[in-house]
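Let me begin by presenting the structure, written as structure tokens, before commenting on it.
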Amino acid sequence: MFKGILIEKDEQGYRAALKDIDDAALPEGNVTVRVSHSTLNYKDGLAITGKSPVVRKFPMVPGIDLAGVVEASTHPDYKAGDAVVLNGWGVGETHWGGLAQRARLNGDWLVPLPAAFTPAQAMAIGTAGYTAMLCVMALEDHGVTPDKGEVLVTGAVGGVGSVAVSILAKLGYQVAAVTGRPQEADYLKSLGASTVLDRAEFAAAGKPLVKERWAGAVDTVGSHTLANVCAATKYRGTVAACGLAGGMDFPSTVAPFILRGVTLAGVDSVMCPRAIRLKAWQRLASDLDVSKLALITQEIGLSDAISIAHKLIEGQVRGRVVVKVDA
């Protein structure tokens, strides 16, 4: 038996609870991992609270991230004792995830735990930080370098935004951070933001084009915010879009793209190819100031995950939440 968060949906309704789970209930997979740490991402919050139909198979253990040690493996790349990390691949949605003390998985989904990080630090980064790194890499791939001008990060107090601000600042970019929580300005500046902007400036319908301001941007919000960011992006600038906290719609025009040559680069972390995942984690080891993780992160126990998930969805959590699963 092992402890885990289990989401169920039946005639009694939709519910999440901390339960004792039998090993025999574990799904198929060629690697069994003893999980030490997981995280709470926005998607996990949606799954646990049922605010969005994230979970597509029941019962489900949520948790799109995990770090732990291999207990058993028939996969050629992993053996018992190996430290591993998992992000995405539909885990916590269609396959049991990381918010439990044991997981059985497809070994192709795993990557070795980078030597630069402890399991807790890897989860402080998690899918949010790995996605932030993918966004930074997308900006670089499209020629957005520090000398090109200011880079914007929306949803900057969230997990992706916090790590993106920290990485960009360390790489020498001038970072403008957007948040709806002005009381977090000092926090964002401690991560390296040079300017903190009110999200109200971006949240309403805007013009197709406005004065050029941003050399690039990392957007975690979508909807009007993304449209307004694109409208203010400089000639041949790039916007890396990875989130939908403000909505799935994109009420924009083609003007930024055909008149200014702006690139809208979609960033997906869930099904990202292994080679790019490995590169992103290598870059995190060199380009993320590990000392900043303490500012970004709070650690909770598995028994607190459900209550904190509700606070996360209500916008009451900043940065990253690491769940110590093996406590």
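For the structure tokens, the naming scheme is as follows: chains receive sequential letters (A, B, ...) according to their order of presentation, residues are indexed from 1 within each chain, and ligands are indexed from 1 in presentation order.
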
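Excluding A:Trp89 itself and any same-chain residue fewer than 5 positions from it, the protein and nucleic acid residues within 10 Å of it, counting only C-alpha atoms, are Ile64, Asp65, Thr94, His95, Gly97, Asn106, Asp108, Trp109, Leu110, Ser269, Val270, Met271 and Cys272 of chain A.
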
Could the residues in this selection be saved with C-alpha atoms as a short mmCIF file (atom, residue, chain, number, x, y, z; two decimals), in the first residue's frame?
data_model
loop_
_atom_site.label_atom_id
_atom_site.label_comp_id
_atom_site.auth_asym_id
_atom_site.auth_seq_id
_atom_site.Cartn_x
_atom_site.Cartn_y
_atom_site.Cartn_z
CA ILE A 64 2.07 16.29 -13.87
CA ASP A 65 5.54 16.31 -12.28
CA THR A 94 -4.65 10.08 -18.74
CA HIS A 95 -2.02 8.16 -16.73
CA GLY A 97 0.79 10.99 -11.88
CA ASN A 106 6.72 4.42 -19.47
CA ASP A 108 10.58 6.86 -22.37
CA TRP A 109 8.88 9.67 -20.44
CA LEU A 110 11.66 9.96 -17.86
CA SER A 269 5.89 21.18 -22.64
CA VAL A 270 3.66 18.10 -22.44
CA MET A 271 4.70 16.23 -25.60
CA CYS A 272 8.02 18.03 -26.15
#

Any chance you could list, as a CSV table (one decimal) with all heavy atoms, in the first residue's frame, the residues in stretch 35-237 of chain A that come up alpha helix (DSSP H) when DSSP is run on the backbone?
chain,number,residue,atom,x,y,z
A,42,TYR,N,-0.8,24.7,-12.1
A,42,TYR,CA,-2.2,25.2,-12.4
A,42,TYR,C,-3.1,24.1,-12.9
A,42,TYR,O,-4.2,23.9,-12.5
A,42,TYR,CB,-2.1,26.4,-13.4
A,42,TYR,CG,-3.4,27.1,-13.5
A,42,TYR,CD1,-3.9,28.0,-12.5
A,42,TYR,CD2,-4.2,26.9,-14.6
A,42,TYR,CE1,-5.1,28.6,-12.7
A,42,TYR,CE2,-5.4,27.6,-14.8
A,42,TYR,CZ,-5.9,28.5,-13.8
A,42,TYR,OH,-7.1,29.1,-13.9
A,43,LYS,N,-2.5,23.2,-13.8
A,43,LYS,CA,-3.3,22.1,-14.3
A,43,LYS,C,-3.6,21.1,-13.2
A,43,LYS,O,-4.7,20.6,-13.2
A,43,LYS,CB,-2.4,21.4,-15.4
A,43,LYS,CG,-3.2,20.3,-16.1
A,43,LYS,CD,-2.4,19.7,-17.2
A,43,LYS,CE,-2.3,20.6,-18.4
A,43,LYS,NZ,-1.6,19.9,-19.6
A,44,ASP,N,-2.7,20.9,-12.2
A,44,ASP,CA,-3.1,20.0,-11.1
A,44,ASP,C,-4.2,20.6,-10.3
A,44,ASP,O,-5.1,19.9,-9.8
A,44,ASP,CB,-1.8,19.8,-10.2
A,44,ASP,CG,-0.7,19.2,-11.0
A,44,ASP,OD1,-0.9,18.2,-11.8
A,44,ASP,OD2,0.5,19.6,-10.8
A,45,GLY,N,-4.2,22.0,-10.1
A,45,GLY,CA,-5.2,22.6,-9.4
A,45,GLY,C,-6.6,22.4,-10.1
A,45,GLY,O,-7.6,22.2,-9.4
A,46,LEU,N,-6.6,22.6,-11.4
A,46,LEU,CA,-7.8,22.3,-12.2
A,46,LEU,C,-8.3,20.9,-12.0
A,46,LEU,O,-9.5,20.6,-11.9
A,46,LEU,CB,-7.6,22.6,-13.6
A,46,LEU,CG,-7.3,24.1,-14.0
A,46,LEU,CD1,-6.9,24.2,-15.5
A,46,LEU,CD2,-8.5,25.0,-13.7
A,47,ALA,N,-7.4,20.0,-12.0
A,47,ALA,CA,-7.7,18.5,-11.9
A,47,ALA,C,-8.3,18.2,-10.5
A,47,ALA,O,-9.4,17.6,-10.4
A,47,ALA,CB,-6.5,17.7,-12.2
A,48,ILE,N,-7.7,18.7,-9.5
A,48,ILE,CA,-8.1,18.4,-8.1
A,48,ILE,C,-9.4,19.0,-7.8
A,48,ILE,O,-10.3,18.4,-7.2
A,48,ILE,CB,-7.0,18.8,-7.1
A,48,ILE,CG1,-5.8,17.8,-7.3
A,48,ILE,CG2,-7.5,18.7,-5.7
A,48,ILE,CD1,-4.6,18.3,-6.5
A,49,THR,N,-9.6,20.3,-8.2
A,49,THR,CA,-10.8,21.0,-7.9
A,49,THR,C,-12.0,20.6,-8.9
A,49,THR,O,-13.1,20.9,-8.5
A,49,THR,CB,-10.6,22.5,-8.0
A,49,THR,OG1,-10.2,22.9,-9.3
A,49,THR,CG2,-9.5,22.9,-7.0
A,119,PRO,N,16.2,16.4,-5.7
A,119,PRO,CA,14.9,16.2,-6.1
A,119,PRO,C,13.9,17.3,-5.8
A,119,PRO,O,13.1,17.7,-6.6
A,119,PRO,CB,14.5,14.9,-5.4
A,119,PRO,CG,15.8,14.2,-5.2
A,119,PRO,CD,16.8,15.3,-4.9
A,120,ALA,N,14.1,17.9,-4.6
A,120,ALA,CA,13.2,19.0,-4.2
A,120,ALA,C,13.4,20.2,-5.1
A,120,ALA,O,12.5,20.9,-5.5
A,120,ALA,CB,13.5,19.4,-2.8
A,121,GLN,N,14.7,20.5,-5.5
A,121,GLN,CA,15.0,21.6,-6.4
A,121,GLN,C,14.4,21.4,-7.8
A,121,GLN,O,13.9,22.3,-8.4
A,121,GLN,CB,16.5,21.9,-6.5
A,121,GLN,CG,17.1,22.5,-5.2
A,121,GLN,CD,18.6,22.5,-5.2
A,121,GLN,OE1,19.2,21.7,-5.9
A,121,GLN,NE2,19.2,23.5,-4.5
A,122,ALA,N,14.5,20.1,-8.2
A,122,ALA,CA,14.0,19.8,-9.6
A,122,ALA,C,12.5,20.0,-9.6
A,122,ALA,O,12.0,20.4,-10.6
A,122,ALA,CB,14.3,18.3,-9.9
A,123,MET,N,11.8,19.7,-8.5
A,123,MET,CA,10.4,19.9,-8.5
A,123,MET,C,10.1,21.4,-8.2
A,123,MET,O,9.0,21.9,-8.6
A,123,MET,CB,9.7,19.1,-7.4
A,123,MET,CG,9.7,17.6,-7.8
A,123,MET,SD,8.7,17.2,-9.3
A,123,MET,CE,9.9,17.3,-10.6
A,124,ALA,N,10.9,22.2,-7.6
A,124,ALA,CA,10.7,23.6,-7.5
A,124,ALA,C,10.8,24.2,-8.9
A,124,ALA,O,10.1,25.2,-9.2
A,124,ALA,CB,11.8,24.2,-6.6
A,125,ILE,N,11.5,23.6,-9.7
A,125,ILE,CA,11.5,24.0,-11.2
A,125,ILE,C,10.3,23.4,-11.8
A,125,ILE,O,9.5,24.1,-12.3
A,125,ILE,CB,12.8,23.5,-11.8
A,125,ILE,CG1,14.0,24.2,-11.2
A,125,ILE,CG2,12.8,23.8,-13.3
A,125,ILE,CD1,15.4,23.6,-11.6
A,126,GLY,N,10.2,22.1,-11.9
A,126,GLY,CA,9.1,21.3,-12.4
A,126,GLY,C,8.7,21.7,-13.8
A,126,GLY,O,9.5,22.3,-14.5
A,127,THR,N,7.5,21.3,-14.2
A,127,THR,CA,7.0,21.7,-15.5
A,127,THR,C,7.0,23.2,-15.7
A,127,THR,O,7.2,23.7,-16.8
A,127,THR,CB,5.6,21.1,-15.7
A,127,THR,OG1,5.7,19.7,-15.9
A,127,THR,CG2,4.9,21.7,-16.9
A,128,ALA,N,6.6,23.9,-14.7
A,128,ALA,CA,6.6,25.4,-14.8
A,128,ALA,C,8.0,26.0,-15.2
A,128,ALA,O,8.1,26.7,-16.2
A,128,ALA,CB,6.1,26.0,-13.5
A,129,GLY,N,9.0,25.6,-14.5
A,129,GLY,CA,10.3,26.1,-14.8
A,129,GLY,C,10.9,25.5,-16.1
A,129,GLY,O,11.5,26.3,-16.9
A,130,TYR,N,10.6,24.3,-16.4
A,130,TYR,CA,11.0,23.7,-17.7
A,130,TYR,C,10.3,24.4,-18.8
A,130,TYR,O,10.9,24.6,-19.9
A,130,TYR,CB,10.8,22.2,-17.5
A,130,TYR,CG,10.4,21.4,-18.8
A,130,TYR,CD1,11.2,21.2,-19.8
A,130,TYR,CD2,9.1,20.8,-18.8
A,130,TYR,CE1,10.8,20.4,-20.9
A,130,TYR,CE2,8.7,20.1,-19.9
A,130,TYR,CZ,9.6,19.9,-21.0
A,130,TYR,OH,9.2,19.1,-22.0
A,131,THR,N,9.0,24.7,-18.7
A,131,THR,CA,8.3,25.4,-19.7
A,131,THR,C,8.9,26.8,-19.9
A,131,THR,O,9.0,27.3,-21.0
A,131,THR,CB,6.8,25.5,-19.3
A,131,THR,OG1,6.3,24.2,-19.2
A,131,THR,CG2,6.0,26.3,-20.4
A,132,ALA,N,9.2,27.5,-18.8
A,132,ALA,CA,9.8,28.8,-18.8
A,132,ALA,C,11.1,28.7,-19.6
A,132,ALA,O,11.4,29.6,-20.5
A,132,ALA,CB,10.1,29.3,-17.4
A,133,MET,N,11.9,27.7,-19.4
A,133,MET,CA,13.2,27.5,-20.1
A,133,MET,C,12.9,27.3,-21.6
A,133,MET,O,13.6,27.9,-22.5
A,133,MET,CB,14.0,26.4,-19.6
A,133,MET,CG,15.4,26.3,-20.1
A,133,MET,SD,16.5,27.5,-19.4
A,133,MET,CE,16.8,28.5,-20.9
A,134,LEU,N,11.9,26.5,-22.0
A,134,LEU,CA,11.5,26.3,-23.4
A,134,LEU,C,11.1,27.6,-24.0
A,134,LEU,O,11.4,27.9,-25.2
A,134,LEU,CB,10.4,25.3,-23.5
A,134,LEU,CG,10.6,23.9,-23.1
A,134,LEU,CD1,9.3,23.1,-23.2
A,134,LEU,CD2,11.7,23.3,-24.0
A,135,CYS,N,10.4,28.5,-23.2
A,135,CYS,CA,10.0,29.8,-23.8
A,135,CYS,C,11.3,30.7,-24.0
A,135,CYS,O,11.4,31.4,-25.1
A,135,CYS,CB,9.1,30.5,-22.8
A,135,CYS,SG,7.5,29.8,-22.7
A,136,VAL,N,12.2,30.7,-23.1
A,136,VAL,CA,13.4,31.5,-23.3
A,136,VAL,C,14.2,30.9,-24.5
A,136,VAL,O,14.7,31.7,-25.4
A,136,VAL,CB,14.3,31.4,-22.0
A,136,VAL,CG1,15.7,32.1,-22.3
A,136,VAL,CG2,13.6,32.1,-20.9
A,137,MET,N,14.3,29.6,-24.7
A,137,MET,CA,14.9,29.0,-25.8
A,137,MET,C,14.2,29.4,-27.1
A,137,MET,O,14.9,29.7,-28.1
A,137,MET,CB,15.0,27.5,-25.7
A,137,MET,CG,15.9,27.1,-24.6
A,137,MET,SD,15.7,25.3,-24.0
A,137,MET,CE,15.9,24.4,-25.5
A,138,ALA,N,12.9,29.5,-27.1
A,138,ALA,CA,12.2,29.9,-28.3
A,138,ALA,C,12.5,31.4,-28.7
A,138,ALA,O,12.7,31.7,-29.9
A,138,ALA,CB,10.7,29.8,-28.0
A,139,LEU,N,12.6,32.3,-27.7
A,139,LEU,CA,13.0,33.6,-27.9
A,139,LEU,C,14.4,33.7,-28.6
A,139,LEU,O,14.6,34.4,-29.6
A,139,LEU,CB,13.0,34.5,-26.7
A,139,LEU,CG,11.6,34.6,-26.0
A,139,LEU,CD1,11.7,35.6,-24.8
A,139,LEU,CD2,10.6,35.2,-26.9
A,140,GLU,N,15.3,32.9,-28.0
A,140,GLU,CA,16.7,32.9,-28.5
A,140,GLU,C,16.7,32.4,-29.9
A,140,GLU,O,17.4,32.9,-30.8
A,140,GLU,CB,17.6,32.0,-27.6
A,140,GLU,CG,17.8,32.6,-26.2
A,140,GLU,CD,18.5,31.6,-25.3
A,140,GLU,OE1,18.5,30.4,-25.6
A,140,GLU,OE2,19.1,32.1,-24.3
A,141,ASP,N,15.9,31.3,-30.2
A,141,ASP,CA,15.9,30.7,-31.5
A,141,ASP,C,15.4,31.7,-32.6
A,141,ASP,O,15.8,31.5,-33.8
A,141,ASP,CB,15.0,29.5,-31.5
A,141,ASP,CG,15.6,28.3,-30.8
A,141,ASP,OD1,16.8,28.3,-30.5
A,141,ASP,OD2,14.8,27.3,-30.5
A,159,GLY,N,4.0,30.3,-11.5
A,159,GLY,CA,5.2,29.4,-11.5
A,159,GLY,C,6.0,29.6,-12.8
A,159,GLY,O,7.3,29.8,-12.7
A,160,VAL,N,5.4,29.6,-14.0
A,160,VAL,CA,6.2,29.8,-15.2
A,160,VAL,C,6.8,31.2,-15.2
A,160,VAL,O,7.9,31.4,-15.5
A,160,VAL,CB,5.3,29.6,-16.4
A,160,VAL,CG1,6.0,29.9,-17.7
A,160,VAL,CG2,4.8,28.2,-16.5
A,161,GLY,N,5.9,32.2,-14.9
A,161,GLY,CA,6.4,33.6,-14.9
A,161,GLY,C,7.5,33.8,-14.0
A,161,GLY,O,8.5,34.5,-14.3
A,162,SER,N,7.5,33.3,-12.7
A,162,SER,CA,8.5,33.6,-11.8
A,162,SER,C,9.9,33.0,-12.3
A,162,SER,O,10.9,33.7,-12.2
A,162,SER,CB,8.2,32.9,-10.4
A,162,SER,OG,7.1,33.5,-9.8
A,163,VAL,N,9.9,31.8,-12.8
A,163,VAL,CA,11.1,31.2,-13.3
A,163,VAL,C,11.6,31.9,-14.5
A,163,VAL,O,12.8,32.2,-14.7
A,163,VAL,CB,10.9,29.7,-13.5
A,163,VAL,CG1,12.2,29.1,-14.1
A,163,VAL,CG2,10.5,29.0,-12.3
A,164,ALA,N,10.7,32.3,-15.4
A,164,ALA,CA,11.0,33.0,-16.6
A,164,ALA,C,11.7,34.4,-16.3
A,164,ALA,O,12.8,34.7,-16.9
A,164,ALA,CB,9.8,33.3,-17.5
A,165,VAL,N,11.2,35.1,-15.3
A,165,VAL,CA,11.8,36.4,-14.9
A,165,VAL,C,13.2,36.1,-14.4
A,165,VAL,O,14.1,36.8,-14.8
A,165,VAL,CB,10.9,37.0,-13.8
A,165,VAL,CG1,11.7,38.2,-13.2
A,165,VAL,CG2,9.6,37.5,-14.4
A,166,SER,N,13.4,35.1,-13.6
A,166,SER,CA,14.7,34.8,-13.0
A,166,SER,C,15.7,34.4,-14.1
A,166,SER,O,16.8,34.9,-14.1
A,166,SER,CB,14.5,33.7,-12.0
A,166,SER,OG,15.7,33.4,-11.3
A,167,ILE,N,15.3,33.5,-15.0
A,167,ILE,CA,16.2,33.1,-16.0
A,167,ILE,C,16.6,34.3,-16.9
A,167,ILE,O,17.8,34.5,-17.2
A,167,ILE,CB,15.6,32.0,-16.9
A,167,ILE,CG1,15.4,30.7,-16.1
A,167,ILE,CG2,16.5,31.7,-18.1
A,167,ILE,CD1,14.6,29.6,-16.8
A,168,LEU,N,15.6,35.0,-17.4
A,168,LEU,CA,15.9,36.1,-18.3
A,168,LEU,C,16.8,37.1,-17.7
A,168,LEU,O,17.7,37.7,-18.3
A,168,LEU,CB,14.6,36.8,-18.8
A,168,LEU,CG,13.7,35.9,-19.7
A,168,LEU,CD1,12.3,36.5,-19.8
A,168,LEU,CD2,14.3,35.9,-21.1
A,169,ALA,N,16.5,37.4,-16.4
A,169,ALA,CA,17.4,38.4,-15.7
A,169,ALA,C,18.8,37.9,-15.6
A,169,ALA,O,19.8,38.7,-15.8
A,169,ALA,CB,16.8,38.7,-14.3
A,170,LYS,N,19.0,36.7,-15.3
A,170,LYS,CA,20.4,36.1,-15.2
A,170,LYS,C,21.1,36.2,-16.5
A,170,LYS,O,22.3,36.4,-16.6
A,170,LYS,CB,20.3,34.7,-14.6
A,170,LYS,CG,21.7,34.2,-14.4
A,170,LYS,CD,21.8,32.8,-13.8
A,170,LYS,CE,23.2,32.3,-13.6
A,170,LYS,NZ,23.3,30.9,-13.2
A,185,ALA,N,5.4,43.3,-6.0
A,185,ALA,CA,6.4,44.0,-6.8
A,185,ALA,C,7.8,43.7,-6.2
A,185,ALA,O,8.7,43.5,-7.0
A,185,ALA,CB,6.1,45.5,-6.8
A,186,ASP,N,7.9,43.8,-4.9
A,186,ASP,CA,9.3,43.5,-4.3
A,186,ASP,C,9.8,42.1,-4.6
A,186,ASP,O,10.9,41.9,-4.9
A,186,ASP,CB,9.3,43.8,-2.8
A,186,ASP,CG,9.1,45.2,-2.5
A,186,ASP,OD1,9.4,46.1,-3.4
A,186,ASP,OD2,8.8,45.5,-1.3
A,187,TYR,N,8.8,41.2,-4.6
A,187,TYR,CA,9.2,39.8,-4.9
A,187,TYR,C,9.7,39.7,-6.3
A,187,TYR,O,10.7,39.1,-6.6
A,187,TYR,CB,7.9,38.9,-4.7
A,187,TYR,CG,8.0,37.5,-5.4
A,187,TYR,CD1,8.8,36.5,-4.9
A,187,TYR,CD2,7.2,37.3,-6.5
A,187,TYR,CE1,8.8,35.3,-5.5
A,187,TYR,CE2,7.2,36.0,-7.1
A,187,TYR,CZ,8.0,35.0,-6.6
A,187,TYR,OH,8.0,33.8,-7.2
A,188,LEU,N,9.0,40.3,-7.3
A,188,LEU,CA,9.4,40.2,-8.7
A,188,LEU,C,10.7,40.9,-8.9
A,188,LEU,O,11.5,40.5,-9.7
A,188,LEU,CB,8.3,40.8,-9.6
A,188,LEU,CG,7.0,40.0,-9.6
A,188,LEU,CD1,5.9,40.8,-10.3
A,188,LEU,CD2,7.2,38.7,-10.4
A,189,LYS,N,10.9,42.0,-8.3
A,189,LYS,CA,12.2,42.7,-8.4
A,189,LYS,C,13.3,41.9,-7.8
A,189,LYS,O,14.5,41.9,-8.3
A,189,LYS,CB,12.1,44.1,-7.8
A,189,LYS,CG,11.2,45.0,-8.6
A,189,LYS,CD,11.1,46.4,-8.0
A,189,LYS,CE,10.3,47.3,-8.9
A,189,LYS,NZ,10.2,48.7,-8.4
A,190,SER,N,13.0,41.1,-6.7
A,190,SER,CA,14.1,40.3,-6.2
A,190,SER,C,14.5,39.1,-7.1
A,190,SER,O,15.6,38.6,-7.0
A,190,SER,CB,13.6,39.7,-4.8
A,190,SER,OG,12.6,38.6,-5.0
A,191,LEU,N,13.6,38.8,-8.0
A,191,LEU,CA,13.9,37.8,-9.1
A,191,LEU,C,14.6,38.4,-10.2
A,191,LEU,O,15.2,37.6,-11.1
A,191,LEU,CB,12.6,37.1,-9.6
A,191,LEU,CG,11.8,36.4,-8.5
A,191,LEU,CD1,10.5,35.7,-9.2
A,191,LEU,CD2,12.6,35.3,-7.9
A,200,ALA,N,-4.0,45.1,-15.6
A,200,ALA,CA,-5.1,45.8,-16.1
A,200,ALA,C,-4.8,46.5,-17.4
A,200,ALA,O,-5.7,46.8,-18.2
A,200,ALA,CB,-5.7,46.8,-15.0
A,201,GLU,N,-3.5,46.9,-17.6
A,201,GLU,CA,-3.1,47.5,-18.8
A,201,GLU,C,-3.2,46.6,-20.0
A,201,GLU,O,-3.2,47.1,-21.2
A,201,GLU,CB,-1.6,48.0,-18.7
A,201,GLU,CG,-1.4,49.0,-17.6
A,201,GLU,CD,0.1,49.4,-17.6
A,201,GLU,OE1,0.8,49.4,-18.6
A,201,GLU,OE2,0.6,49.7,-16.5
A,202,PHE,N,-3.3,45.3,-19.8
A,202,PHE,CA,-3.3,44.3,-20.9
A,202,PHE,C,-4.6,43.5,-21.0
A,202,PHE,O,-4.8,42.8,-22.0
A,202,PHE,CB,-2.2,43.3,-20.6
A,202,PHE,CG,-0.8,44.0,-20.6
A,202,PHE,CD1,-0.3,44.5,-19.4
A,202,PHE,CD2,0.0,44.0,-21.7
A,202,PHE,CE1,0.9,45.1,-19.4
A,202,PHE,CE2,1.2,44.6,-21.7
A,202,PHE,CZ,1.7,45.2,-20.5
A,203,ALA,N,-5.4,43.5,-19.9
A,203,ALA,CA,-6.6,42.6,-19.8
A,203,ALA,C,-7.8,42.9,-20.7
A,203,ALA,O,-8.6,42.1,-21.0
A,203,ALA,CB,-7.0,42.5,-18.4
A,223,SER,N,-5.7,35.1,-24.3
A,223,SER,CA,-6.9,36.0,-24.5
A,223,SER,C,-6.4,37.5,-24.8
A,223,SER,O,-5.4,37.6,-25.6
A,223,SER,CB,-7.7,36.0,-23.2
A,223,SER,OG,-9.0,36.7,-23.4
A,224,HIS,N,-7.0,38.5,-24.2
A,224,HIS,CA,-6.7,39.9,-24.6
A,224,HIS,C,-5.3,40.2,-24.2
A,224,HIS,O,-4.7,41.0,-24.9
A,224,HIS,CB,-7.7,40.8,-23.8
A,224,HIS,CG,-9.1,40.8,-24.4
A,224,HIS,ND1,-9.4,41.2,-25.6
A,224,HIS,CD2,-10.3,40.4,-23.8
A,224,HIS,CE1,-10.7,41.0,-25.8
A,224,HIS,NE2,-11.3,40.5,-24.7
A,225,THR,N,-4.8,39.6,-23.1
A,225,THR,CA,-3.4,39.9,-22.7
A,225,THR,C,-2.4,39.5,-23.9
A,225,THR,O,-1.6,40.4,-24.2
A,225,THR,CB,-3.0,39.1,-21.4
A,225,THR,OG1,-3.8,39.6,-20.4
A,225,THR,CG2,-1.6,39.3,-21.1
A,226,LEU,N,-2.6,38.3,-24.4
A,226,LEU,CA,-1.7,37.9,-25.5
A,226,LEU,C,-1.9,38.8,-26.7
A,226,LEU,O,-0.9,39.2,-27.4
A,226,LEU,CB,-2.0,36.5,-25.9
A,226,LEU,CG,-1.2,35.9,-27.0
A,226,LEU,CD1,0.3,36.1,-26.8
A,226,LEU,CD2,-1.5,34.4,-27.3
A,227,ALA,N,-3.1,39.2,-27.0
A,227,ALA,CA,-3.3,40.1,-28.2
A,227,ALA,C,-2.7,41.4,-28.0
A,227,ALA,O,-2.1,42.0,-28.9
A,227,ALA,CB,-4.9,40.2,-28.4
A,228,ASN,N,-2.8,42.0,-26.8
A,228,ASN,CA,-2.2,43.3,-26.5
A,228,ASN,C,-0.7,43.2,-26.5
A,228,ASN,O,0.0,44.2,-26.9
A,228,ASN,CB,-2.7,43.8,-25.2
A,228,ASN,CG,-4.1,44.3,-25.3
A,228,ASN,OD1,-4.5,44.9,-26.3
A,228,ASN,ND2,-4.9,44.0,-24.2
A,229,VAL,N,-0.1,42.1,-26.0
A,229,VAL,CA,1.3,41.9,-26.1
A,229,VAL,C,1.8,41.9,-27.5
A,229,VAL,O,2.8,42.6,-27.8
A,229,VAL,CB,1.8,40.6,-25.3
A,229,VAL,CG1,3.2,40.3,-25.5
A,229,VAL,CG2,1.5,40.8,-23.8
A,230,CYS,N,1.2,41.1,-28.4
A,230,CYS,CA,1.6,41.1,-29.8
A,230,CYS,C,1.5,42.4,-30.4
A,230,CYS,O,2.3,42.8,-31.2
A,230,CYS,CB,0.7,40.1,-30.5
A,230,CYS,SG,0.9,38.4,-30.1
A,231,ALA,N,0.4,43.2,-30.1
A,231,ALA,CA,0.2,44.5,-30.7
A,231,ALA,C,1.3,45.5,-30.3
A,231,ALA,O,1.6,46.5,-31.1
A,231,ALA,CB,-1.1,45.1,-30.2

Surrounding residues of stretch 111-114 of chain A excluding itself and chain neighbours under 5 positions, 7 Å, only C-alpha atoms, as a list in words: Ala83, Val84, Val85 and Leu86 of chain A

For a quick check of understanding, using only C-alpha atoms, which of A:Gly247, A:Pro76, A:Gly192, A:Gly237 has the smallest distance to A:Ala265?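 Smallest separation from A:Ala265 among the options: A:Gly237.
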
Give me the residues within 10 Å of A:Leu302 as a count of residues only, counting only C-alpha atoms and dropping any in the same chain fewer than 6 places off. 16

Skipping near chain neighbours, those fewer than 3 positions away, what residues fall within 12 Å of A:Val144 using only C-alpha atoms, listed as a ChimeraX atom specification? /A:135-141,147-152,168,171-174,214-218,233-240,262-263

Using only C-alpha atoms, pick whichever of A:Leu295, A:Val267, A:Ile308, A:Val175 has the shortest atom-to-atom distance to A:Leu197. A:Val175

State, in Å with one decimal place, the distance from atom CA of A:Arg318 to atom CA of A:Ala305.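 About the pair atom CA of A:Arg318 and atom CA of A:Ala305: they are 15.0 Å apart.
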
All strand (DSSP E or B) residues (DSSP, backbone) inside stretch 19-261 of chain A, as number ranges by chain: A: 19-21, 31-40, 60, 65-73, 83-87, 91, 95, 100, 102-105, 110-112, 151-153, 175-179, 195-198, 214-219, 233-241

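With only C-alpha atoms as the atoms that count, the minimum distance from A:Ile300 to the choices A:Val55, A:Val61, A:Leu209, A:Leu40 is reached by A:Leu40.
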
Between A:Ala116, A:Arg199, A:Ser303, A:Lys211, which is the closest to A:Arg283 once you count only C-alpha atoms?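 For A:Arg283, the nearest of the candidates is A:Ala116.
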